[in-house]
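Here's start_22.cif, which has mmCIF, C-alpha atoms:
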```cif
data_upload
loop_
_atom_site.label_atom_id
_atom_site.label_comp_id
_atom_site.auth_asym_id
_atom_site.auth_seq_id
_atom_site.Cartn_x
_atom_site.Cartn_y
_atom_site.Cartn_z
CA MET G 1 12.27 -7.16 -13.93
CA PRO G 2 12.21 -5.05 -10.71
CA TYR G 3 10.11 -2.43 -12.49
CA LEU G 4 7.70 -5.08 -13.83
CA GLY G 5 7.34 -6.54 -10.35
CA LEU G 6 6.43 -3.16 -8.90
CA MET G 7 3.99 -2.47 -11.75
CA PHE G 8 2.21 -5.78 -11.11
CA ASN G 9 1.96 -4.96 -7.42
CA ALA G 10 0.54 -1.53 -8.30
CA PHE G 11 -2.04 -3.13 -10.60
CA VAL G 12 -3.33 -5.49 -7.90
CA TRP G 13 -3.48 -2.75 -5.28
CA GLY G 14 -4.99 -0.26 -7.71
CA LEU G 15 -7.98 -2.51 -8.33
CA SER G 16 -8.27 -3.85 -4.78
CA TRP G 17 -10.92 -1.28 -3.82
CA TRP G 18 -13.60 -3.11 -5.80
CA PRO G 19 -13.42 -6.52 -4.06
CA LEU G 20 -12.93 -4.75 -0.71
CA ARG G 21 -16.21 -2.90 -1.23
CA ARG G 22 -17.97 -6.07 -2.35
CA LEU G 23 -16.75 -7.85 0.77
CA GLN G 24 -17.89 -4.96 2.97
CA ASP G 25 -21.32 -5.12 1.32
CA MET G 26 -21.38 -8.80 2.37
CA GLY G 27 -20.63 -7.81 5.98
CA LEU G 28 -16.84 -8.35 6.03
CA HIS G 29 -15.16 -5.14 7.20
CA PRO G 30 -11.72 -4.34 5.68
CA LEU G 31 -10.04 -4.93 9.05
CA TRP G 32 -11.32 -8.53 8.89
CA ALA G 33 -10.73 -8.95 5.16
CA THR G 34 -7.09 -7.82 5.35
CA PRO G 35 -5.93 -10.68 7.65
CA LEU G 36 -7.60 -13.16 5.30
CA PHE G 37 -5.70 -11.65 2.37
CA PHE G 38 -2.36 -12.12 4.12
CA ALA G 39 -2.93 -15.37 5.99
CA LEU G 40 -2.19 -17.50 2.89
CA GLY G 41 1.24 -15.94 2.54
CA ALA G 42 2.07 -16.31 6.23
CA ILE G 43 0.97 -19.96 6.30
CA THR G 44 2.68 -20.89 3.03
CA ILE G 45 6.03 -19.30 3.82
CA GLY G 46 5.86 -20.41 7.45
CA LEU G 47 5.44 -24.06 6.40
CA LEU G 48 8.03 -23.99 3.62
CA HIS G 49 10.62 -22.10 5.68
CA ARG G 50 9.99 -23.02 9.28
CA GLU G 51 13.41 -21.80 10.36
CA ALA G 52 12.35 -18.28 9.31
CA TRP G 53 10.00 -18.03 12.30
CA ARG G 54 12.93 -18.14 14.70
CA VAL G 55 14.76 -15.39 12.82
CA VAL G 56 11.70 -13.14 12.61
CA LEU G 57 10.89 -13.49 16.29
CA ARG G 58 14.39 -12.51 17.40
CA SER G 59 15.05 -9.69 14.87
CA PRO G 60 13.82 -6.19 15.87
CA GLY G 61 14.23 -4.99 12.28
CA LEU G 62 11.84 -7.66 11.01
CA TRP G 63 9.41 -6.85 13.79
CA MET G 64 9.42 -3.23 12.61
CA LEU G 65 8.87 -4.42 9.04
CA ALA G 66 5.90 -6.51 10.21
CA VAL G 67 4.32 -3.61 12.11
CA ALA G 68 4.83 -1.19 9.19
CA THR G 69 3.27 -3.66 6.74
CA GLY G 70 0.27 -4.38 8.94
CA PHE G 71 -0.34 -0.69 9.62
CA THR G 72 -0.06 0.17 5.92
CA ASN G 73 -2.52 -2.43 4.77
CA ALA G 74 -5.05 -1.82 7.52
CA CYS G 75 -5.15 1.90 6.72
CA PHE G 76 -5.17 1.58 2.93
CA ASN G 77 -7.80 -1.16 2.70
CA TRP G 78 -10.11 0.59 5.13
CA GLY G 79 -9.67 3.89 3.31
CA VAL G 80 -10.38 2.73 -0.26
CA ALA G 81 -13.30 0.58 0.89
CA THR G 82 -15.10 3.54 2.48
CA GLY G 83 -13.84 6.70 0.77
CA GLU G 84 -13.33 8.24 -2.66
CA VAL G 85 -10.80 5.96 -4.32
CA VAL G 86 -8.79 8.61 -6.17
CA ARG G 87 -8.42 10.85 -3.12
CA VAL G 88 -7.40 8.03 -0.79
CA VAL G 89 -4.88 6.59 -3.24
CA LEU G 90 -3.33 9.98 -3.94
CA LEU G 91 -2.99 10.81 -0.26
CA PHE G 92 -1.43 7.38 0.17
CA TYR G 93 1.04 8.24 -2.57
CA LEU G 94 2.30 11.38 -0.95
CA MET G 95 4.64 8.74 0.48
CA PRO G 96 7.63 9.55 -1.82
CA LEU G 97 8.24 12.56 0.41
CA TRP G 98 8.20 10.34 3.50
CA ALA G 99 10.31 7.70 1.71
CA VAL G 100 13.11 10.07 0.71
CA CYS G 101 13.27 11.55 4.21
CA LEU G 102 13.23 8.12 5.90
CA ALA G 103 15.85 6.74 3.50
CA TRP G 104 18.11 9.72 4.26
CA TRP G 105 17.59 9.28 8.00
CA LEU G 106 17.66 5.48 8.36
CA LEU G 107 19.70 4.33 5.35
CA GLY G 108 21.99 7.28 4.73
CA GLU G 109 20.90 7.58 1.09
CA ARG G 110 21.86 10.82 -0.61
CA ILE G 111 19.00 13.02 -1.82
CA THR G 112 19.98 13.82 -5.40
CA PRO G 113 18.52 16.69 -7.45
CA TRP G 114 16.71 14.15 -9.69
CA ALA G 115 15.19 12.47 -6.64
CA GLY G 116 14.00 15.85 -5.42
CA LEU G 117 12.52 16.65 -8.84
CA ARG G 118 10.58 13.39 -8.92
CA VAL G 119 9.17 14.03 -5.46
CA LEU G 120 8.13 17.56 -6.42
CA LEU G 121 6.42 16.34 -9.59
CA ALA G 122 4.54 13.64 -7.71
CA LEU G 123 3.57 15.97 -4.88
CA GLY G 124 2.47 18.72 -7.29
CA GLY G 125 0.35 16.22 -9.20
CA ALA G 126 -1.31 15.04 -6.02
CA MET G 127 -2.11 18.61 -4.98
CA LEU G 128 -3.80 19.26 -8.33
CA VAL G 129 -5.88 16.11 -8.10
CA LEU G 130 -6.99 16.86 -4.55
CA ARG G 131 -7.86 20.49 -5.27
CA PRO G 132 -11.62 20.99 -4.72
CA ALA G 133 -13.77 21.67 -7.78
CA ASP G 134 -14.73 25.09 -6.40
CA GLY G 135 -11.09 26.09 -5.83
CA GLY G 136 -8.97 26.49 -2.72
CA TRP G 137 -6.46 24.22 -1.05
CA PRO G 138 -6.86 20.43 -0.81
CA ARG G 139 -9.21 19.39 1.96
CA PHE G 140 -9.53 16.24 4.04
CA ASN G 141 -12.92 14.58 3.59
CA GLY G 142 -13.23 12.57 6.78
CA LEU G 143 -11.63 9.39 8.07
CA PRO G 144 -10.83 7.77 4.66
CA ASP G 145 -8.53 10.65 3.69
CA TRP G 146 -6.66 10.43 7.01
CA LEU G 147 -6.35 6.68 6.54
CA GLY G 148 -4.83 7.25 3.11
CA LEU G 149 -2.28 9.71 4.49
CA ALA G 150 -1.37 7.45 7.43
CA GLY G 151 -1.12 4.44 5.12
CA GLY G 152 1.31 6.33 2.89
CA PHE G 153 3.65 6.97 5.80
CA GLY G 154 3.43 3.31 6.76
CA PHE G 155 4.18 2.27 3.17
CA ALA G 156 7.25 4.51 3.08
CA MET G 157 8.44 2.92 6.32
CA THR G 158 7.79 -0.53 4.86
CA ASN G 159 9.99 0.27 1.85
CA VAL G 160 12.77 1.61 4.03
CA MET G 161 12.65 -1.35 6.41
CA LEU G 162 12.80 -3.74 3.43
CA ARG G 163 16.05 -2.08 2.35
CA ARG G 164 17.36 -2.15 5.89
CA ALA G 165 16.55 -5.86 6.15
CA ALA G 166 18.41 -6.66 2.92
CA ALA G 167 20.81 -8.96 4.86
CA HIS G 168 17.91 -11.26 5.72
CA THR G 169 16.73 -13.90 3.30
CA SER G 170 13.70 -13.34 1.10
CA PRO G 171 11.57 -15.88 3.06
CA GLU G 172 12.41 -14.13 6.33
CA ARG G 173 11.39 -10.73 5.00
CA ALA G 174 8.26 -12.13 3.36
CA LEU G 175 7.22 -13.98 6.52
CA ALA G 176 7.57 -10.77 8.53
CA MET G 177 5.43 -8.84 6.04
CA PHE G 178 2.68 -11.43 5.74
CA SER G 179 2.59 -11.98 9.51
CA GLY G 180 2.27 -8.24 10.10
CA GLY G 181 -0.48 -7.99 7.48
CA THR G 182 -2.31 -10.81 9.25
CA PHE G 183 -2.00 -10.06 12.95
CA LEU G 184 -1.95 -6.25 13.25
CA PRO G 185 -5.24 -5.60 11.36
CA MET G 186 -6.78 -8.52 13.28
CA LEU G 187 -5.74 -6.93 16.57
CA ALA G 188 -7.06 -3.54 15.46
CA GLY G 189 -10.36 -5.16 14.44
CA LEU G 190 -10.72 -6.88 17.79
CA VAL G 191 -10.08 -3.67 19.71
CA LEU G 192 -12.33 -1.47 17.57
CA SER G 193 -15.16 -3.99 17.38
CA THR G 194 -15.36 -4.19 21.18
CA GLN G 195 -15.79 -0.40 21.18
CA GLY G 196 -18.46 -0.52 18.49
CA VAL G 197 -16.36 1.34 15.92
CA VAL G 198 -16.39 -1.52 13.40
CA PRO G 199 -18.77 -4.50 13.11
CA GLY G 200 -17.76 -7.96 14.26
CA TRP G 201 -17.17 -11.00 12.06
CA PRO G 202 -20.12 -11.83 9.79
CA ALA G 203 -21.68 -15.27 9.51
CA ILE G 204 -19.77 -17.65 7.25
CA SER G 205 -20.93 -17.39 3.65
CA TRP G 206 -19.34 -19.10 0.65
CA GLU G 207 -19.96 -15.92 -1.34
CA TRP G 208 -17.44 -13.85 0.62
CA VAL G 209 -15.19 -16.81 1.46
CA TRP G 210 -14.45 -17.48 -2.23
CA LEU G 211 -13.83 -13.82 -3.00
CA ALA G 212 -11.55 -13.45 0.01
CA ALA G 213 -9.63 -16.58 -1.03
CA ALA G 214 -9.09 -15.22 -4.55
CA MET G 215 -7.87 -11.91 -3.17
CA SER G 216 -5.54 -13.75 -0.82
CA ALA G 217 -3.83 -15.42 -3.80
CA ALA G 218 -3.61 -12.11 -5.66
CA PHE G 219 -2.11 -10.28 -2.69
CA PHE G 220 0.39 -13.09 -2.12
CA ALA G 221 1.74 -12.72 -5.67
CA ALA G 222 1.67 -8.91 -5.55
CA ASN G 223 3.53 -8.64 -2.26
CA MET G 224 6.23 -11.06 -3.38
CA ALA G 225 6.65 -8.95 -6.52
CA MET G 226 6.90 -5.77 -4.44
CA GLN G 227 9.47 -7.32 -2.11
CA TYR G 228 11.62 -8.29 -5.07
CA GLY G 229 11.33 -4.90 -6.74
CA THR G 230 12.03 -2.78 -3.67
CA SER G 231 15.04 -4.91 -2.73
CA GLN G 232 16.65 -4.24 -6.11
CA MET G 233 16.53 -0.42 -6.29
CA PRO G 234 16.88 2.67 -4.07
CA VAL G 235 13.85 3.67 -2.03
CA HIS G 236 13.25 6.99 -3.78
CA ILE G 237 13.00 5.22 -7.15
CA SER G 238 10.77 2.33 -6.08
CA SER G 239 8.48 4.76 -4.29
CA VAL G 240 7.78 6.74 -7.45
CA VAL G 241 7.49 3.71 -9.76
CA MET G 242 4.71 2.42 -7.56
CA LEU G 243 2.81 5.67 -8.16
CA THR G 244 1.42 3.90 -11.23
CA GLU G 245 -1.09 2.43 -8.79
CA ILE G 246 -2.81 5.81 -9.02
CA VAL G 247 -3.37 5.27 -12.75
CA PHE G 248 -4.89 1.82 -12.22
CA ALA G 249 -7.02 2.98 -9.29
CA SER G 250 -8.24 6.16 -11.02
CA ALA G 251 -9.09 4.44 -14.29
CA SER G 252 -11.00 1.65 -12.59
CA ALA G 253 -12.81 4.07 -10.26
CA VAL G 254 -14.00 6.11 -13.25
CA TRP G 255 -14.74 3.12 -15.47
CA PHE G 256 -16.95 1.14 -13.12
CA GLY G 257 -16.87 3.03 -9.84
CA GLY G 258 -18.85 6.10 -10.87
CA GLU G 259 -16.15 8.64 -10.00
CA THR G 260 -15.27 11.55 -12.30
CA LEU G 261 -11.98 13.07 -13.44
CA ARG G 262 -11.82 16.87 -13.67
CA PRO G 263 -9.22 18.71 -15.81
CA ALA G 264 -7.16 19.38 -12.69
CA VAL G 265 -7.16 15.66 -11.94
CA LEU G 266 -5.91 14.88 -15.46
CA ALA G 267 -3.18 17.52 -15.15
CA GLY G 268 -2.12 16.12 -11.80
CA GLY G 269 -2.08 12.62 -13.21
CA GLY G 270 0.24 13.83 -15.97
CA LEU G 271 2.72 15.15 -13.41
CA ILE G 272 2.59 11.88 -11.50
CA LEU G 273 3.22 9.88 -14.68
CA ALA G 274 6.14 12.16 -15.53
CA ALA G 275 7.64 11.43 -12.13
CA ALA G 276 7.21 7.70 -12.65
CA LEU G 277 8.85 7.85 -16.10
CA LEU G 278 11.82 9.76 -14.69
CA ALA G 279 12.22 7.04 -12.07
CA THR G 280 12.24 4.23 -14.63
CA ARG G 281 14.99 6.00 -16.63
CA ASP G 282 17.19 6.52 -13.60
CA LYS G 283 20.15 4.13 -13.75
CA ALA G 284 21.67 5.25 -10.47
#
```
Could you render the structure from this file as structure tokens?
Amino acid sequence: MPYLGLMFNAFVWGLSWWPLRRLQDMGLHPLWATPLFFALGAITIGLLHREAWRVVLRSPGLWMLAVATGFTNACFNWGVATGEVVRVVLLFYLMPLWAVCLAWWLLGERITPWAGLRVLLALGGAMLVLRPADGGWPRFNGLPDWLGLAGGFGFAMTNVMLRRAAAHTSPERALAMFSGGTFLPMLAGLVLSTQGVVPGWPAISWEWVWLAAAMSAAFFAANMAMQYGTSQMPVHISSVVMLTEIVFASASAVWFGGETLRPAVLAGGGLILAAALLATRDKA
């Protein structure tokens, strides 16, 4: 069940680029769409478990979880809405390297040879996919690529902080995550819109309101599934299992996003899938 939960989360996130782009076409920037996606979870859990607010507000670990979650989602959603989906997602999923290092530093988890092999496979696959068509080393193509890389570090921190907050109840952890996903992107949007970096809120339109509401429900289910999965297995395993998001994102980007897959991309995807399969067979 933990693996299935993480796969469902990867599926939702892998296809999230499409509604994010549709919303941006309607005038709703990803920094405004992201709080709407997470507000349902924050409101629902906050009403059902009111005592969780007190715990979240007085727990530094849950505050760190909230910040990491908000940072992750703001970066990822902005990146896939404006950049090449495959590149942004793969840079995001360089996070197994960050996750193993953070788990060793913050949780004291031992870095086993199998964990190292999975990280190398995933990293090697990402390098192949990001290799330019004309050869050479992987290159950053503007802000979306940097957002993908930064989001991956934030996601690794989110996974580690979930493990570190294992003593807290599920509602307390979920409330921290949904609150962070709501308030931090909102704050970033307010700051950047005053500087003219991103547009302000668009006029209310039922067209984008209904799409945002549907995505809010999908993200609520996906994040609850991720919280369950990551709380049941070591960080270095959950990190690689969630690499399957690359498969969902790449397939959808090629199928109806107009992107292409070169032989190097297919070879890199094979290495990433091998890493994910090794993780699912690990019983440690």
Quiz item: Hey, can you check how far atom CA of G:Trp114 sits from atom CA of G:Ile237?
Solution: 10.0 Å
Self-check item: Point-to-point distance from atom CA of G:Thr82 to atom CA of G:Ala188, Å rounded to tenths
Solution: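 Taking atom CA of G:Thr82 and atom CA of G:Ala188, their separation equals 16.8 Å.
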Quiz prompt | Matched chain/residue IDs from the PyMOL selection byres ((chain G and resi 89) around 10), as a ChimeraX atom specification | solution = /G:13-14,17,76,79-80,83-88,90-94,126,144-145,147-149,151-152,243,245-247,249-250
Quiz prompt | stretch 261-263 of chain G environment, 10 Å, all atoms listed in the file, sequence neighbours closer than 2 positions dropped, as a list in words | solution =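 Once the nearby chain positions are removed, what remains is Val86, Leu128, Val129, Arg131, Pro132, Ala133, Ser250, Ala251, Ala253, Val254, Glu259, Val265, Leu266, Ala267, Gly268 and Gly269 of chain G.
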Practice problem: Check what the PyMOL selection byres ((chain G and resi 70) around 10) selects in the file above and give those residues as a ChimeraX atom specification. | Solution: /G:34-35,38,64-69,71-75,151,154-155,158,176-186,188
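Between atom CA of G:Ala274 and atom CA of G:Leu121 lies a distance of 7.3 Å.
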Exercise. Please tell me which residues are no farther than 10 Å from (-14.2, -14.0, 1.4) in the file, counting all atoms listed in the file, and write them as a PyMOL selection string.
Key: chain G and resi 19-20+22-24+26+28+32-33+36-37+204-216
Quiz item: Which residue gives the smallest distance to G:Asn77 among G:Tyr3, G:Trp105, G:Trp18, G:Phe8, with only C-alpha atoms counted?
Solution: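 Using only C-alpha atoms, the shortest distance to G:Asn77 belongs to G:Trp18.
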Exercise. For the structure provided, state which residues fall under the PyMOL selection byres ((chain G and resi 199-202) around 7), and present them as an MDAnalysis selection string.
Key: chainID G and resid 27:29 193 196:198 203:204
Quiz item: Which of these residues is nearest to G:Phe248, using all atoms listed in the file: G:Ala218, G:Leu273, G:Glu51, G:Arg110?
Solution: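 Of G:Ala218, G:Leu273, G:Glu51, G:Arg110, the one nearest G:Phe248 is G:Leu273, counting all atoms listed in the file.
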Exercise. Go through G:Phe256, G:Trp98, G:Tyr228, G:Phe219 one by one, measure the shortest atom-to-atom distance of each to G:Thr169 using only C-alpha atoms, and give the residue with the smallest value.
Key: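 Ranked by minimum distance to G:Thr169, first place goes to G:Tyr228.
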Exercise. Step by step: start from the point (14.1, -10.2, 2.8) in the file's coordinates, keep every protein, DNA or RNA residue that has an atom no farther than 9 Å from it, count all atoms listed in the file, and write the set as a list of chain:residue names.
Key: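 Nearby residues: G:Leu62, G:Leu162, G:Arg163, G:Ala165, G:Ala166, G:Ala167, G:His168, G:Thr169, G:Ser170, G:Pro171, G:Glu172, G:Arg173, G:Ala174, G:Leu175, G:Ala176, G:Gln227, G:Tyr228, G:Ser231.
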Edge lengths and centre in Å, axis-aligned, stretch 120-124 of chain G plus 8 Å each side, as lines of an AutoDock Vina configuration file:
```
center_x = 5.3
center_y = 16.2
center_z = -7.2
size_x = 21.7
size_y = 21.1
size_z = 20.7
```
Write a file for stretch 58-157 of chain G of the given structure; include C-alpha atoms and format it as a PDB file, in the first residue's frame.
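File selection39.pdb, as written:
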```pdb
ATOM      1  CA  ARG G  58       4.172  25.517  18.599  1.00  0.00           C
ATOM      2  CA  SER G  59       6.269  22.829  16.831  1.00  0.00           C
ATOM      3  CA  PRO G  60       9.400  24.061  14.976  1.00  0.00           C
ATOM      4  CA  GLY G  61       9.648  20.744  13.126  1.00  0.00           C
ATOM      5  CA  LEU G  62       6.154  21.166  11.677  1.00  0.00           C
ATOM      6  CA  TRP G  63       6.954  24.756  10.755  1.00  0.00           C
ATOM      7  CA  MET G  64       9.963  23.476   8.794  1.00  0.00           C
ATOM      8  CA  LEU G  65       7.741  20.876   7.134  1.00  0.00           C
ATOM      9  CA  ALA G  66       5.284  23.621   6.148  1.00  0.00           C
ATOM     10  CA  VAL G  67       8.008  25.841   4.673  1.00  0.00           C
ATOM     11  CA  ALA G  68       9.582  22.938   2.761  1.00  0.00           C
ATOM     12  CA  THR G  69       6.204  21.920   1.325  1.00  0.00           C
ATOM     13  CA  GLY G  70       5.276  25.440   0.272  1.00  0.00           C
ATOM     14  CA  PHE G  71       8.673  26.051  -1.312  1.00  0.00           C
ATOM     15  CA  THR G  72       8.545  22.732  -3.181  1.00  0.00           C
ATOM     16  CA  ASN G  73       5.131  23.293  -4.666  1.00  0.00           C
ATOM     17  CA  ALA G  74       5.699  26.922  -5.601  1.00  0.00           C
ATOM     18  CA  CYS G  75       8.879  26.012  -7.498  1.00  0.00           C
ATOM     19  CA  PHE G  76       7.553  22.878  -9.185  1.00  0.00           C
ATOM     20  CA  ASN G  77       4.213  24.314 -10.315  1.00  0.00           C
ATOM     21  CA  TRP G  78       5.810  27.465 -11.668  1.00  0.00           C
ATOM     22  CA  GLY G  79       8.479  25.452 -13.459  1.00  0.00           C
ATOM     23  CA  VAL G  80       6.240  22.932 -15.259  1.00  0.00           C
ATOM     24  CA  ALA G  81       3.735  25.637 -16.198  1.00  0.00           C
ATOM     25  CA  THR G  82       6.363  27.714 -18.010  1.00  0.00           C
ATOM     26  CA  GLY G  83       9.171  25.353 -19.052  1.00  0.00           C
ATOM     27  CA  GLU G  84       9.803  22.087 -20.867  1.00  0.00           C
ATOM     28  CA  VAL G  85       7.988  19.505 -18.774  1.00  0.00           C
ATOM     29  CA  VAL G  86      10.504  16.667 -19.085  1.00  0.00           C
ATOM     30  CA  ARG G  87      13.491  18.855 -18.221  1.00  0.00           C
ATOM     31  CA  VAL G  88      11.823  20.474 -15.215  1.00  0.00           C
ATOM     32  CA  VAL G  89      10.567  17.168 -13.826  1.00  0.00           C
ATOM     33  CA  LEU G  90      13.944  15.482 -14.247  1.00  0.00           C
ATOM     34  CA  LEU G  91      15.794  18.319 -12.558  1.00  0.00           C
ATOM     35  CA  PHE G  92      13.213  18.098  -9.792  1.00  0.00           C
ATOM     36  CA  TYR G  93      13.973  14.401  -9.469  1.00  0.00           C
ATOM     37  CA  LEU G  94      17.661  14.836  -8.926  1.00  0.00           C
ATOM     38  CA  MET G  95      16.294  14.978  -5.369  1.00  0.00           C
ATOM     39  CA  PRO G  96      17.276  11.364  -4.411  1.00  0.00           C
ATOM     40  CA  LEU G  97      20.824  12.673  -4.037  1.00  0.00           C
ATOM     41  CA  TRP G  98      19.605  15.456  -1.746  1.00  0.00           C
ATOM     42  CA  ALA G  99      17.307  13.022   0.105  1.00  0.00           C
ATOM     43  CA  VAL G 100      20.027  10.491   0.914  1.00  0.00           C
ATOM     44  CA  CYS G 101      22.376  13.225   2.131  1.00  0.00           C
ATOM     45  CA  LEU G 102      19.672  14.918   4.226  1.00  0.00           C
ATOM     46  CA  ALA G 103      18.513  11.600   5.699  1.00  0.00           C
ATOM     47  CA  TRP G 104      22.105  10.783   6.688  1.00  0.00           C
ATOM     48  CA  TRP G 105      22.563  14.240   8.218  1.00  0.00           C
ATOM     49  CA  LEU G 106      19.186  14.789   9.921  1.00  0.00           C
ATOM     50  CA  LEU G 107      17.910  11.261  10.553  1.00  0.00           C
ATOM     51  CA  GLY G 108      21.106   9.271  10.927  1.00  0.00           C
ATOM     52  CA  GLU G 109      20.084   6.787   8.225  1.00  0.00           C
ATOM     53  CA  ARG G 110      22.884   4.601   6.917  1.00  0.00           C
ATOM     54  CA  ILE G 111      23.752   4.955   3.232  1.00  0.00           C
ATOM     55  CA  THR G 112      23.797   1.364   1.999  1.00  0.00           C
ATOM     56  CA  PRO G 113      25.461   0.210  -1.240  1.00  0.00           C
ATOM     57  CA  TRP G 114      22.003  -0.485  -2.746  1.00  0.00           C
ATOM     58  CA  ALA G 115      20.840   3.023  -1.850  1.00  0.00           C
ATOM     59  CA  GLY G 116      23.929   4.421  -3.527  1.00  0.00           C
ATOM     60  CA  LEU G 117      23.318   2.299  -6.630  1.00  0.00           C
ATOM     61  CA  ARG G 118      19.742   3.533  -6.938  1.00  0.00           C
ATOM     62  CA  VAL G 119      20.856   7.140  -6.655  1.00  0.00           C
ATOM     63  CA  LEU G 120      23.542   6.627  -9.303  1.00  0.00           C
ATOM     64  CA  LEU G 121      21.066   4.990 -11.682  1.00  0.00           C
ATOM     65  CA  ALA G 122      18.552   7.790 -11.230  1.00  0.00           C
ATOM     66  CA  LEU G 123      21.181  10.501 -11.564  1.00  0.00           C
ATOM     67  CA  GLY G 124      22.735   8.863 -14.636  1.00  0.00           C
ATOM     68  CA  GLY G 125      19.311   8.604 -16.252  1.00  0.00           C
ATOM     69  CA  ALA G 126      18.610  12.259 -15.595  1.00  0.00           C
ATOM     70  CA  MET G 127      21.935  13.283 -17.123  1.00  0.00           C
ATOM     71  CA  LEU G 128      21.138  11.343 -20.296  1.00  0.00           C
ATOM     72  CA  VAL G 129      17.710  12.897 -20.612  1.00  0.00           C
ATOM     73  CA  LEU G 130      19.038  16.414 -20.098  1.00  0.00           C
ATOM     74  CA  ARG G 131      21.927  16.001 -22.541  1.00  0.00           C
ATOM     75  CA  PRO G 132      21.453  18.453 -25.444  1.00  0.00           C
ATOM     76  CA  ALA G 133      20.626  16.996 -28.854  1.00  0.00           C
ATOM     77  CA  ASP G 134      23.865  18.409 -30.285  1.00  0.00           C
ATOM     78  CA  GLY G 135      25.991  16.849 -27.525  1.00  0.00           C
ATOM     79  CA  GLY G 136      27.809  18.276 -24.527  1.00  0.00           C
ATOM     80  CA  TRP G 137      26.900  18.498 -20.877  1.00  0.00           C
ATOM     81  CA  PRO G 138      23.367  19.209 -19.609  1.00  0.00           C
ATOM     82  CA  ARG G 139      22.478  22.871 -19.746  1.00  0.00           C
ATOM     83  CA  PHE G 140      20.061  25.031 -17.791  1.00  0.00           C
ATOM     84  CA  ASN G 141      17.433  26.615 -20.041  1.00  0.00           C
ATOM     85  CA  GLY G 142      16.359  29.611 -17.999  1.00  0.00           C
ATOM     86  CA  LEU G 143      14.254  30.070 -14.886  1.00  0.00           C
ATOM     87  CA  PRO G 144      12.072  26.905 -15.241  1.00  0.00           C
ATOM     88  CA  ASP G 145      15.117  24.634 -14.996  1.00  0.00           C
ATOM     89  CA  TRP G 146      16.351  26.418 -11.865  1.00  0.00           C
ATOM     90  CA  LEU G 147      12.870  26.150 -10.385  1.00  0.00           C
ATOM     91  CA  GLY G 148      12.909  22.413 -11.034  1.00  0.00           C
ATOM     92  CA  LEU G 149      16.272  21.997  -9.313  1.00  0.00           C
ATOM     93  CA  ALA G 150      15.255  24.141  -6.329  1.00  0.00           C
ATOM     94  CA  GLY G 151      11.938  22.306  -6.051  1.00  0.00           C
ATOM     95  CA  GLY G 152      13.776  18.977  -5.924  1.00  0.00           C
ATOM     96  CA  PHE G 153      15.827  20.106  -2.945  1.00  0.00           C
ATOM     97  CA  GLY G 154      12.654  21.306  -1.246  1.00  0.00           C
ATOM     98  CA  PHE G 155      10.952  17.979  -1.953  1.00  0.00           C
ATOM     99  CA  ALA G 156      13.867  16.064  -0.433  1.00  0.00           C
ATOM    100  CA  MET G 157      13.629  18.267   2.655  1.00  0.00           C
TER     101      MET G 157
END
```
